[in-house]
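Undergrad: Dropping a structure here in structure tokens format, bear with me for questions.
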Amino acid sequence: MLGCTIEQLLDRPVADFTHPDDIRASESALKKVIDEKVKITLDKRYCRADGSVVWTRHSLTCIDDCDSNFPCVLAVTVDLTDRRYEEEALRASEERYRTLFESIDEGFCVMQLLRDDGQSVWDGCFVEINPAFERHSGLQNALGKRMRELTPDISDSWFDVYVGVVATGHSVRFESYVKALERWFTVNTFRVGKPEDHRVAILFSDITEQKAVQTELFVINERLKLAVEGSGDGIWDWNIKTNAVDFSTRWCEMLGYEEGEISTIEAWRRLVHPDDLARVLLDLQACLDGKSRSYSCEHRMKVKGSGWKWVLARGIVVARDGHRKPLRMTGTLTDIAERKQADELIWKHANFDILTGLPNRRLFRDRLDQEVRKAERTGNRLGLLFIDLDRFKEVNDLLGHDAGDLLLQQASQRLQRCVRKSDTVARLGGDEFTVILTELESLVHVEQVCTKILDALASPFCIAGETAYLSGSIGITIHPQDARTSDELIRKADQAMYAAKSAGKNRFSYFTAAMDEQARLKIKMAGELRVALASGQLEVYYQPVIHLAQRRIVKAEALLRWHHPTFGVIEPARFIPLAEDSGLIDEIGEWVFSQAVGCSKRWGGRLGVPFQIGVNKSPAQFLLQAGPEKWMHEVEQLELPRRSISVEITEGMLLHASPKVTSKLLEYRDAGIQVAIDDFGTGYSSMAYLKKFDINYLKIDQSFVTDIMTDDGNRTIAESIIAMAHKLGLEVIAEGIETQEQEDILIAAGCDYGQGYLFSEALPSDSFEHLLISGGGTWKQAAQNGTGNSAGRL
């Protein structure tokens, strides 16, 4: 078939021989056979080595019991090259054949040949008949009955012919006169199926009027019947002169109508969807006028008693008069409703976010490009908002991903209520949303929308019985003053959003030129952070924690510093977010722990008592780690008490204690590692969690300590925290103590520990060790020994 040897074909990709235009369809069919385990018939072309084209038909079947690690497919291929030319001729005369088929007066039956046990005489049972057969033969209700039962005097010669046909496979045609009807017929009989099936088909043709024509039409009729019935299409035939239209049974069934209910072109026209009618008539007229060889149009048609159905109508003009005016047109109707639904679903999945139903990144970009072009054309201004949900990741980690999905759905609904219908709200992914504001007359409208969004997001979210609090950070760019392209608008809106987040969140920020420089600097620092640990640029500092009643250093907090070769010492607040975003936080956190546990070992040895060091854990680092087992292994290797290390987490971690967070906290408790809640008083944690998770320390946020002398409210909050903690059996550490007056108030309130510049700033390990050892761990002695200045700072 391909003009190649077996050796030339084996182990060669099918695509090497497939016509380039058919490769995609061939691969799609093969994938569907493998994925869905269905049989598929596929017409495709092969290319011979000499450049000629072979038309083929494939029957593809997946083989389940193939001895291979890969899917196996059986492909049965038939050469259709010659048949294609025959089919072209058939299509050209299809209407003529079909018209003849519907108008011929011939009888047809299929008969099962059989013999009773022990009998040598053949008989036949009618398994298929048509009405014309009963009419011409005079045999009524013959289906399922035997011929000898209906015609006892039938000659054995008839069955001799039928048996011979089955045996040889050759059709036999003979003429017979039916006395009861006084008419002549030709009897055409041929084998159906295999010889062992013993089935023959018999065609009775009334040769009284059209003997020769009927014989030819039988074959054509059968081919047409197989083609149409196999495809499931409906057929229509339009007599243009009379405007009468014949619709097949399948055509009527497809739309739910009875046969004969629709019979004119006007009735058909009323079934076409109003939005499609003009296009349908235009395509139809082009075919009638000879501007196109065939008519093909996808449109909607009215289904009786229900809605609309997508169909594909195809047709050709099969007869014209001497002036080339169309006389008759015929065609088919295909139900494509399922394909249209699938296409719509594919398009929706490709362009909309499945979770929220909002346009996704792809559709957002398409609409932004359109609006930018429109703005360039009309001169109107265009606004782009980038929105990031503050604290979403923390809530998502704490409450779980299902709750996070619900939160995103509620947030998307709130955003949509804040804009006009002409604006676009899209979800780019995660907790990032965008809003395209079109045809802006002034920036006042932009700020009004941003204010609505911030207010909407600040309202509590009720998620699975829990209440979550979020806010939004919004970045704004304006076309054309900030940027003239979609890419630039997106990039600069993103920068403005991060500026809003850095400025304290729950706010909006316009893009400024300075943000470009800050963005470049951030990217540069993120890259340099990756080599900072290996190159020795990171160092752990230690800030002493003072027992206020005893005036001595009893523990320390480990604080990381980055000695940047260009920018000098960089505080953690500037680079820890970069570490979290780049995935370095776990590696850096483990290194900080190793440094801290080593210092705890050394300083405890010099003091003769265990010395505790607190290590901070960001939410990202806390949730990434497998648990305290690795820490405990390192602590035990150094033969340190487990209380030598405490973990400090933010109060926000307790806002919603998800199963994952709960498990981690209980693991730390069971491992003997003490837990401190940092920046306490700034969040919304429940008092019950402090007891439930066996929290050891509360660290009063320095914002309350700073104004404790002048702000009665802050003083009351600090005193209340101390009293509440003591009633729960917790100890309290006050952060940010800078004056003696602050310390005195805290001591009077019963605060246990303090840290701040009054005692010492964070120091490198050597300097901290000198401070710790020189005074025997007593702050008063250290100050008397001259290690402190008049302000209590080193």
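Just remember, in the structure tokens the first chain shown is A, the second B, etc., residues are 1-based per chain, and ligands are 1-based in the order shown.
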Please, which residues of segment 465-658 of chain A, numbered as in this document, come out alpha helix (DSSP H) from DSSP, as an MDAnalysis selection string?
TA: chainID A and resid 486:502 513:532 572:582 585:607 619:624 629:637
Undergrad: Write out as an MDAnalysis selection string each polymer residue whose atoms come within 9 Å of Tyr510 of chain A, counting only C-alpha atoms; drop sequence neighbours fewer than 2 positions from it.
TA: chainID A and resid 474:478 493 496:497 499:500 508 512
Undergrad: Please, could you write that set of residues out with C-alpha atoms as a PDB file, in the first residue's frame?
TA:
ATOM      1  CA  ILE A 474      -3.663  47.858  45.898  1.00  0.00           C
ATOM      2  CA  GLY A 475      -1.229  49.101  43.266  1.00  0.00           C
ATOM      3  CA  ILE A 476      -2.447  51.596  40.641  1.00  0.00           C
ATOM      4  CA  THR A 477      -1.125  52.467  37.189  1.00  0.00           C
ATOM      5  CA  ILE A 478      -2.752  54.832  34.715  1.00  0.00           C
ATOM      6  CA  ALA A 493       0.947  48.090  38.954  1.00  0.00           C
ATOM      7  CA  ALA A 496       2.857  49.872  43.248  1.00  0.00           C
ATOM      8  CA  MET A 497       1.029  47.015  44.986  1.00  0.00           C
ATOM      9  CA  ALA A 499       4.810  49.516  47.773  1.00  0.00           C
ATOM     10  CA  ALA A 500       1.343  49.600  49.367  1.00  0.00           C
ATOM     11  CA  PHE A 508      -3.570  51.786  47.833  1.00  0.00           C
ATOM     12  CA  THR A 512       5.994  56.316  40.942  1.00  0.00           C
TER      13      THR A 512
END
Undergrad: Got a sec: who's within 12 Å of Ser157 of chain A, counting only C-alpha atoms, leaving out chain neighbours fewer than 2 positions off, as a PDB file with all heavy atoms, in the first residue's frame?
TA:
ATOM      1  N   VAL A 121     -34.621 -30.413   2.659  1.00  0.00           N
ATOM      2  CA  VAL A 121     -35.278 -29.315   1.948  1.00  0.00           C
ATOM      3  C   VAL A 121     -34.990 -27.995   2.667  1.00  0.00           C
ATOM      4  O   VAL A 121     -35.146 -27.889   3.883  1.00  0.00           O
ATOM      5  CB  VAL A 121     -36.788 -29.557   1.860  1.00  0.00           C
ATOM      6  CG1 VAL A 121     -37.472 -28.392   1.154  1.00  0.00           C
ATOM      7  CG2 VAL A 121     -37.070 -30.862   1.124  1.00  0.00           C
ATOM      8  N   TRP A 122     -34.585 -27.014   1.880  1.00  0.00           N
ATOM      9  CA  TRP A 122     -34.299 -25.689   2.443  1.00  0.00           C
ATOM     10  C   TRP A 122     -35.581 -24.884   2.598  1.00  0.00           C
ATOM     11  O   TRP A 122     -36.535 -25.030   1.834  1.00  0.00           O
ATOM     12  CB  TRP A 122     -33.349 -24.920   1.536  1.00  0.00           C
ATOM     13  CG  TRP A 122     -31.936 -25.433   1.591  1.00  0.00           C
ATOM     14  CD1 TRP A 122     -31.359 -26.341   0.780  1.00  0.00           C
ATOM     15  CD2 TRP A 122     -30.941 -25.022   2.525  1.00  0.00           C
ATOM     16  NE1 TRP A 122     -30.054 -26.574   1.116  1.00  0.00           N
ATOM     17  CE2 TRP A 122     -29.773 -25.748   2.204  1.00  0.00           C
ATOM     18  CE3 TRP A 122     -30.921 -24.148   3.606  1.00  0.00           C
ATOM     19  CZ2 TRP A 122     -28.590 -25.605   2.912  1.00  0.00           C
ATOM     20  CZ3 TRP A 122     -29.734 -24.000   4.306  1.00  0.00           C
ATOM     21  CH2 TRP A 122     -28.599 -24.727   3.969  1.00  0.00           C
ATOM     22  N   ASP A 123     -35.558 -24.013   3.619  1.00  0.00           N
ATOM     23  CA  ASP A 123     -36.634 -23.062   3.833  1.00  0.00           C
ATOM     24  C   ASP A 123     -35.995 -21.709   4.160  1.00  0.00           C
ATOM     25  O   ASP A 123     -34.778 -21.608   4.326  1.00  0.00           O
ATOM     26  CB  ASP A 123     -37.548 -23.520   4.972  1.00  0.00           C
ATOM     27  CG  ASP A 123     -38.920 -22.820   4.934  1.00  0.00           C
ATOM     28  OD1 ASP A 123     -39.078 -21.869   4.141  1.00  0.00           O
ATOM     29  OD2 ASP A 123     -39.805 -23.233   5.708  1.00  0.00           O
ATOM     30  N   ASP A 153     -46.607 -23.646  -2.167  1.00  0.00           N
ATOM     31  CA  ASP A 153     -46.339 -24.199  -3.500  1.00  0.00           C
ATOM     32  C   ASP A 153     -45.087 -23.622  -4.141  1.00  0.00           C
ATOM     33  O   ASP A 153     -44.887 -23.758  -5.354  1.00  0.00           O
ATOM     34  CB  ASP A 153     -47.539 -23.955  -4.408  1.00  0.00           C
ATOM     35  CG  ASP A 153     -47.879 -22.484  -4.519  1.00  0.00           C
ATOM     36  OD1 ASP A 153     -47.406 -21.699  -3.644  1.00  0.00           O
ATOM     37  OD2 ASP A 153     -48.616 -22.111  -5.450  1.00  0.00           O
ATOM     38  N   ILE A 154     -44.229 -22.957  -3.397  1.00  0.00           N
ATOM     39  CA  ILE A 154     -43.035 -22.356  -3.977  1.00  0.00           C
ATOM     40  C   ILE A 154     -42.108 -23.435  -4.498  1.00  0.00           C
ATOM     41  O   ILE A 154     -41.972 -24.517  -3.931  1.00  0.00           O
ATOM     42  CB  ILE A 154     -42.295 -21.473  -2.943  1.00  0.00           C
ATOM     43  CG1 ILE A 154     -41.170 -20.699  -3.625  1.00  0.00           C
ATOM     44  CG2 ILE A 154     -41.773 -22.298  -1.781  1.00  0.00           C
ATOM     45  CD1 ILE A 154     -40.554 -19.633  -2.743  1.00  0.00           C
ATOM     46  N   SER A 155     -41.471 -23.141  -5.593  1.00  0.00           N
ATOM     47  CA  SER A 155     -40.590 -24.104  -6.233  1.00  0.00           C
ATOM     48  C   SER A 155     -39.265 -24.215  -5.479  1.00  0.00           C
ATOM     49  O   SER A 155     -38.734 -23.223  -4.960  1.00  0.00           O
ATOM     50  CB  SER A 155     -40.325 -23.691  -7.684  1.00  0.00           C
ATOM     51  OG  SER A 155     -39.344 -24.521  -8.258  1.00  0.00           O
ATOM     52  N   PHE A 159     -34.929 -21.874  -3.910  1.00  0.00           N
ATOM     53  CA  PHE A 159     -33.960 -22.090  -2.837  1.00  0.00           C
ATOM     54  C   PHE A 159     -32.626 -22.598  -3.371  1.00  0.00           C
ATOM     55  O   PHE A 159     -31.576 -22.356  -2.763  1.00  0.00           O
ATOM     56  CB  PHE A 159     -34.542 -23.067  -1.804  1.00  0.00           C
ATOM     57  CG  PHE A 159     -35.618 -22.461  -0.975  1.00  0.00           C
ATOM     58  CD1 PHE A 159     -36.952 -22.685  -1.275  1.00  0.00           C
ATOM     59  CD2 PHE A 159     -35.308 -21.622   0.094  1.00  0.00           C
ATOM     60  CE1 PHE A 159     -37.952 -22.103  -0.518  1.00  0.00           C
ATOM     61  CE2 PHE A 159     -36.301 -21.041   0.856  1.00  0.00           C
ATOM     62  CZ  PHE A 159     -37.637 -21.276   0.548  1.00  0.00           C
ATOM     63  N   ASP A 160     -32.683 -23.300  -4.514  1.00  0.00           N
ATOM     64  CA  ASP A 160     -31.421 -23.705  -5.122  1.00  0.00           C
ATOM     65  C   ASP A 160     -30.585 -22.472  -5.490  1.00  0.00           C
ATOM     66  O   ASP A 160     -29.363 -22.452  -5.341  1.00  0.00           O
ATOM     67  CB  ASP A 160     -31.698 -24.546  -6.378  1.00  0.00           C
ATOM     68  CG  ASP A 160     -32.315 -25.892  -6.037  1.00  0.00           C
ATOM     69  OD1 ASP A 160     -32.150 -26.336  -4.860  1.00  0.00           O
ATOM     70  OD2 ASP A 160     -32.940 -26.500  -6.917  1.00  0.00           O
ATOM     71  N   VAL A 161     -31.289 -21.481  -6.001  1.00  0.00           N
ATOM     72  CA  VAL A 161     -30.598 -20.223  -6.344  1.00  0.00           C
ATOM     73  C   VAL A 161     -30.020 -19.571  -5.083  1.00  0.00           C
ATOM     74  O   VAL A 161     -28.862 -19.154  -5.040  1.00  0.00           O
ATOM     75  CB  VAL A 161     -31.558 -19.264  -7.058  1.00  0.00           C
ATOM     76  CG1 VAL A 161     -30.894 -17.890  -7.248  1.00  0.00           C
ATOM     77  CG2 VAL A 161     -31.986 -19.835  -8.398  1.00  0.00           C
ATOM     78  N   TYR A 162     -30.839 -19.495  -3.998  1.00  0.00           N
ATOM     79  CA  TYR A 162     -30.393 -18.828  -2.768  1.00  0.00           C
ATOM     80  C   TYR A 162     -29.203 -19.554  -2.154  1.00  0.00           C
ATOM     81  O   TYR A 162     -28.228 -18.930  -1.702  1.00  0.00           O
ATOM     82  CB  TYR A 162     -31.537 -18.770  -1.754  1.00  0.00           C
ATOM     83  CG  TYR A 162     -32.753 -18.008  -2.238  1.00  0.00           C
ATOM     84  CD1 TYR A 162     -34.034 -18.338  -1.770  1.00  0.00           C
ATOM     85  CD2 TYR A 162     -32.636 -16.968  -3.152  1.00  0.00           C
ATOM     86  CE1 TYR A 162     -35.153 -17.650  -2.204  1.00  0.00           C
ATOM     87  CE2 TYR A 162     -33.758 -16.274  -3.593  1.00  0.00           C
ATOM     88  CZ  TYR A 162     -35.006 -16.627  -3.123  1.00  0.00           C
ATOM     89  OH  TYR A 162     -36.109 -15.939  -3.562  1.00  0.00           O
ATOM     90  N   VAL A 163     -29.284 -20.902  -2.135  1.00  0.00           N
ATOM     91  CA  VAL A 163     -28.180 -21.682  -1.563  1.00  0.00           C
ATOM     92  C   VAL A 163     -26.915 -21.488  -2.387  1.00  0.00           C
ATOM     93  O   VAL A 163     -25.803 -21.379  -1.848  1.00  0.00           O
ATOM     94  CB  VAL A 163     -28.569 -23.170  -1.479  1.00  0.00           C
ATOM     95  CG1 VAL A 163     -27.372 -24.024  -1.080  1.00  0.00           C
ATOM     96  CG2 VAL A 163     -29.705 -23.368  -0.479  1.00  0.00           C
ATOM     97  N   GLY A 164     -27.073 -21.414  -3.693  1.00  0.00           N
ATOM     98  CA  GLY A 164     -25.914 -21.181  -4.547  1.00  0.00           C
ATOM     99  C   GLY A 164     -25.300 -19.811  -4.309  1.00  0.00           C
ATOM    100  O   GLY A 164     -24.077 -19.653  -4.330  1.00  0.00           O
ATOM    101  N   PHE A 174     -32.727 -12.908 -11.593  1.00  0.00           N
ATOM    102  CA  PHE A 174     -33.598 -13.615 -12.529  1.00  0.00           C
ATOM    103  C   PHE A 174     -34.965 -12.966 -12.511  1.00  0.00           C
ATOM    104  O   PHE A 174     -35.301 -12.205 -11.613  1.00  0.00           O
ATOM    105  CB  PHE A 174     -33.691 -15.113 -12.188  1.00  0.00           C
ATOM    106  CG  PHE A 174     -34.228 -15.403 -10.820  1.00  0.00           C
ATOM    107  CD1 PHE A 174     -35.593 -15.672 -10.642  1.00  0.00           C
ATOM    108  CD2 PHE A 174     -33.422 -15.418  -9.703  1.00  0.00           C
ATOM    109  CE1 PHE A 174     -36.101 -15.965  -9.379  1.00  0.00           C
ATOM    110  CE2 PHE A 174     -33.918 -15.701  -8.443  1.00  0.00           C
ATOM    111  CZ  PHE A 174     -35.260 -15.972  -8.275  1.00  0.00           C
ATOM    112  N   SER A 176     -39.207 -13.175 -12.748  1.00  0.00           N
ATOM    113  CA  SER A 176     -40.298 -14.061 -12.349  1.00  0.00           C
ATOM    114  C   SER A 176     -41.623 -13.339 -12.526  1.00  0.00           C
ATOM    115  O   SER A 176     -41.721 -12.130 -12.290  1.00  0.00           O
ATOM    116  CB  SER A 176     -40.127 -14.491 -10.890  1.00  0.00           C
ATOM    117  OG  SER A 176     -41.206 -15.293 -10.475  1.00  0.00           O
TER     118      SER A 176
END
Undergrad: I want to know what sits within 8 Å of Phe17 of chain A, based on only C-alpha atoms, with residues of the same chain fewer than 5 positions away left out; could you give that as number ranges by chain?
TA: A: 46-48
Undergrad: May I ask which of the residues A:Gln285, A:Gln112, A:Thr249, A:Thr186 is the closest one to Ser205 of chain A, counting only C-alpha atoms?
TA: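 Once distances to Ser205 of chain A are computed over only C-alpha atoms, the minimum belongs to A:Thr186.
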Undergrad: Can you list, as number ranges by chain, every protein, DNA or RNA residue that comes within 6 Å of Thr650 of chain A when you count only C-alpha atoms, leaving out same-chain residues fewer than 3 positions away?
TA: A: 653, 677-678
Undergrad: Could you check the closest approach to Leu470 of chain A for each of A:Ile708, A:Leu407, A:Ala534, A:Leu584 and tell me which residue wins, using only C-alpha atoms?
TA: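 The shortest atom-to-atom distance to Leu470 of chain A comes from A:Leu407.
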Undergrad: Excluding Ala201 of chain A and its own-chain neighbours fewer than 4 positions away, which residues fall within 8 Å of it when counting only C-alpha atoms? Please give them as a list of chain:residue names.
TA: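 Non-adjacent residues within range: A:Phe108, A:Cys109, A:Val110, A:Met111, A:Asn188, A:Thr189, A:Phe190, A:Arg191, A:Val192.
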Undergrad: Of the candidates A:Lys630, A:Arg669, A:Arg199, A:Arg643, which one gets nearest to Ser600 of chain A if we count only C-alpha atoms?
TA: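 Counting only C-alpha atoms, the residue closest to Ser600 of chain A is A:Arg643.
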Undergrad: As a list in words, please: the residues near Thr334 of chain A (cut-off 7 Å, only C-alpha atoms, same-chain neighbours under 3 positions excluded).
TA: Asp233, Gly234, Val311, Leu312 and Ala313 of chain A
Undergrad: If you keep all heavy atoms, can you produce a file of those selected residues as an mmCIF file, in the first residue's frame?
TA:
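Below is the file that was written, result.cif:
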data_model
loop_
_atom_site.group_PDB
_atom_site.id
_atom_site.type_symbol
_atom_site.label_atom_id
_atom_site.label_comp_id
_atom_site.auth_asym_id
_atom_site.auth_seq_id
_atom_site.Cartn_x
_atom_site.Cartn_y
_atom_site.Cartn_z
ATOM 1 N N ASP A 233 -27.143 11.320 10.588
ATOM 2 C CA ASP A 233 -27.580 12.622 10.098
ATOM 3 C C ASP A 233 -29.018 12.549 9.581
ATOM 4 O O ASP A 233 -29.522 11.495 9.196
ATOM 5 C CB ASP A 233 -26.673 13.101 8.972
ATOM 6 C CG ASP A 233 -25.295 13.480 9.469
ATOM 7 O OD1 ASP A 233 -25.121 13.527 10.695
ATOM 8 O OD2 ASP A 233 -24.400 13.711 8.640
ATOM 9 N N GLY A 234 -29.654 13.699 9.568
ATOM 10 C CA GLY A 234 -30.954 13.821 8.924
ATOM 11 C C GLY A 234 -30.778 14.331 7.501
ATOM 12 O O GLY A 234 -29.770 14.969 7.174
ATOM 13 N N VAL A 311 -26.776 22.848 15.233
ATOM 14 C CA VAL A 311 -26.739 21.870 14.149
ATOM 15 C C VAL A 311 -25.764 22.358 13.078
ATOM 16 O O VAL A 311 -25.429 23.542 13.000
ATOM 17 C CB VAL A 311 -28.132 21.653 13.524
ATOM 18 C CG1 VAL A 311 -29.093 21.062 14.547
ATOM 19 C CG2 VAL A 311 -28.680 22.964 12.953
ATOM 20 N N LEU A 312 -25.344 21.401 12.256
ATOM 21 C CA LEU A 312 -24.535 21.717 11.076
ATOM 22 C C LEU A 312 -25.350 21.318 9.851
ATOM 23 O O LEU A 312 -25.648 20.138 9.653
ATOM 24 C CB LEU A 312 -23.210 20.953 11.101
ATOM 25 C CG LEU A 312 -22.389 20.972 9.805
ATOM 26 C CD1 LEU A 312 -22.002 22.406 9.430
ATOM 27 C CD2 LEU A 312 -21.154 20.088 9.930
ATOM 28 N N ALA A 313 -25.726 22.308 9.064
ATOM 29 C CA ALA A 313 -26.492 22.061 7.848
ATOM 30 C C ALA A 313 -25.559 22.117 6.650
ATOM 31 O O ALA A 313 -24.767 23.061 6.515
ATOM 32 C CB ALA A 313 -27.620 23.080 7.696
#
Undergrad: Return the single residue from A:Ala526, A:Asp701, A:Thr424, A:Gly331 that is closest to Arg91 of chain A, with distances computed using only C-alpha atoms.
TA: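 For Arg91 of chain A, the nearest of the candidates is A:Gly331.
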Undergrad: Using the chain letters and numbers from this document, which residues of segment 503-538 of chain A does DSSP assign to strand (DSSP E), as a list in words?
TA: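 Filtering segment 503-538 of chain A down to strand (DSSP E) leaves Arg507, Phe508, Ser509, Tyr510 and Leu538 of chain A.
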Undergrad: Here is a test: counting only C-alpha atoms, which residue of A:Gln448, A:Asn69, A:Thr356, A:Ser663 is nearest to Phe433 of chain A?
TA: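 For Phe433 of chain A, the nearest of the candidates is A:Thr356.
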Undergrad: Select, from A:Val732, A:Ile387, A:Ala411, A:Ala337, the residue with the minimum atom-to-atom distance to Gly357 of chain A, counting only C-alpha atoms.
TA: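 Checking each candidate against Gly357 of chain A, we get A:Ala411 as the closest.
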Undergrad: Mind pulling up the distance from atom CA of Trp268 of chain A to atom CA of Glu253 of chain A?
TA: 14.5 Å
Undergrad: Between atom CA of Ser459 of chain A and atom CA of Pro359 of chain A, what is the distance in Å, rounded to a tenth?
TA: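 Interatomic distance, atom CA of Ser459 of chain A to atom CA of Pro359 of chain A: 24.1 Å.
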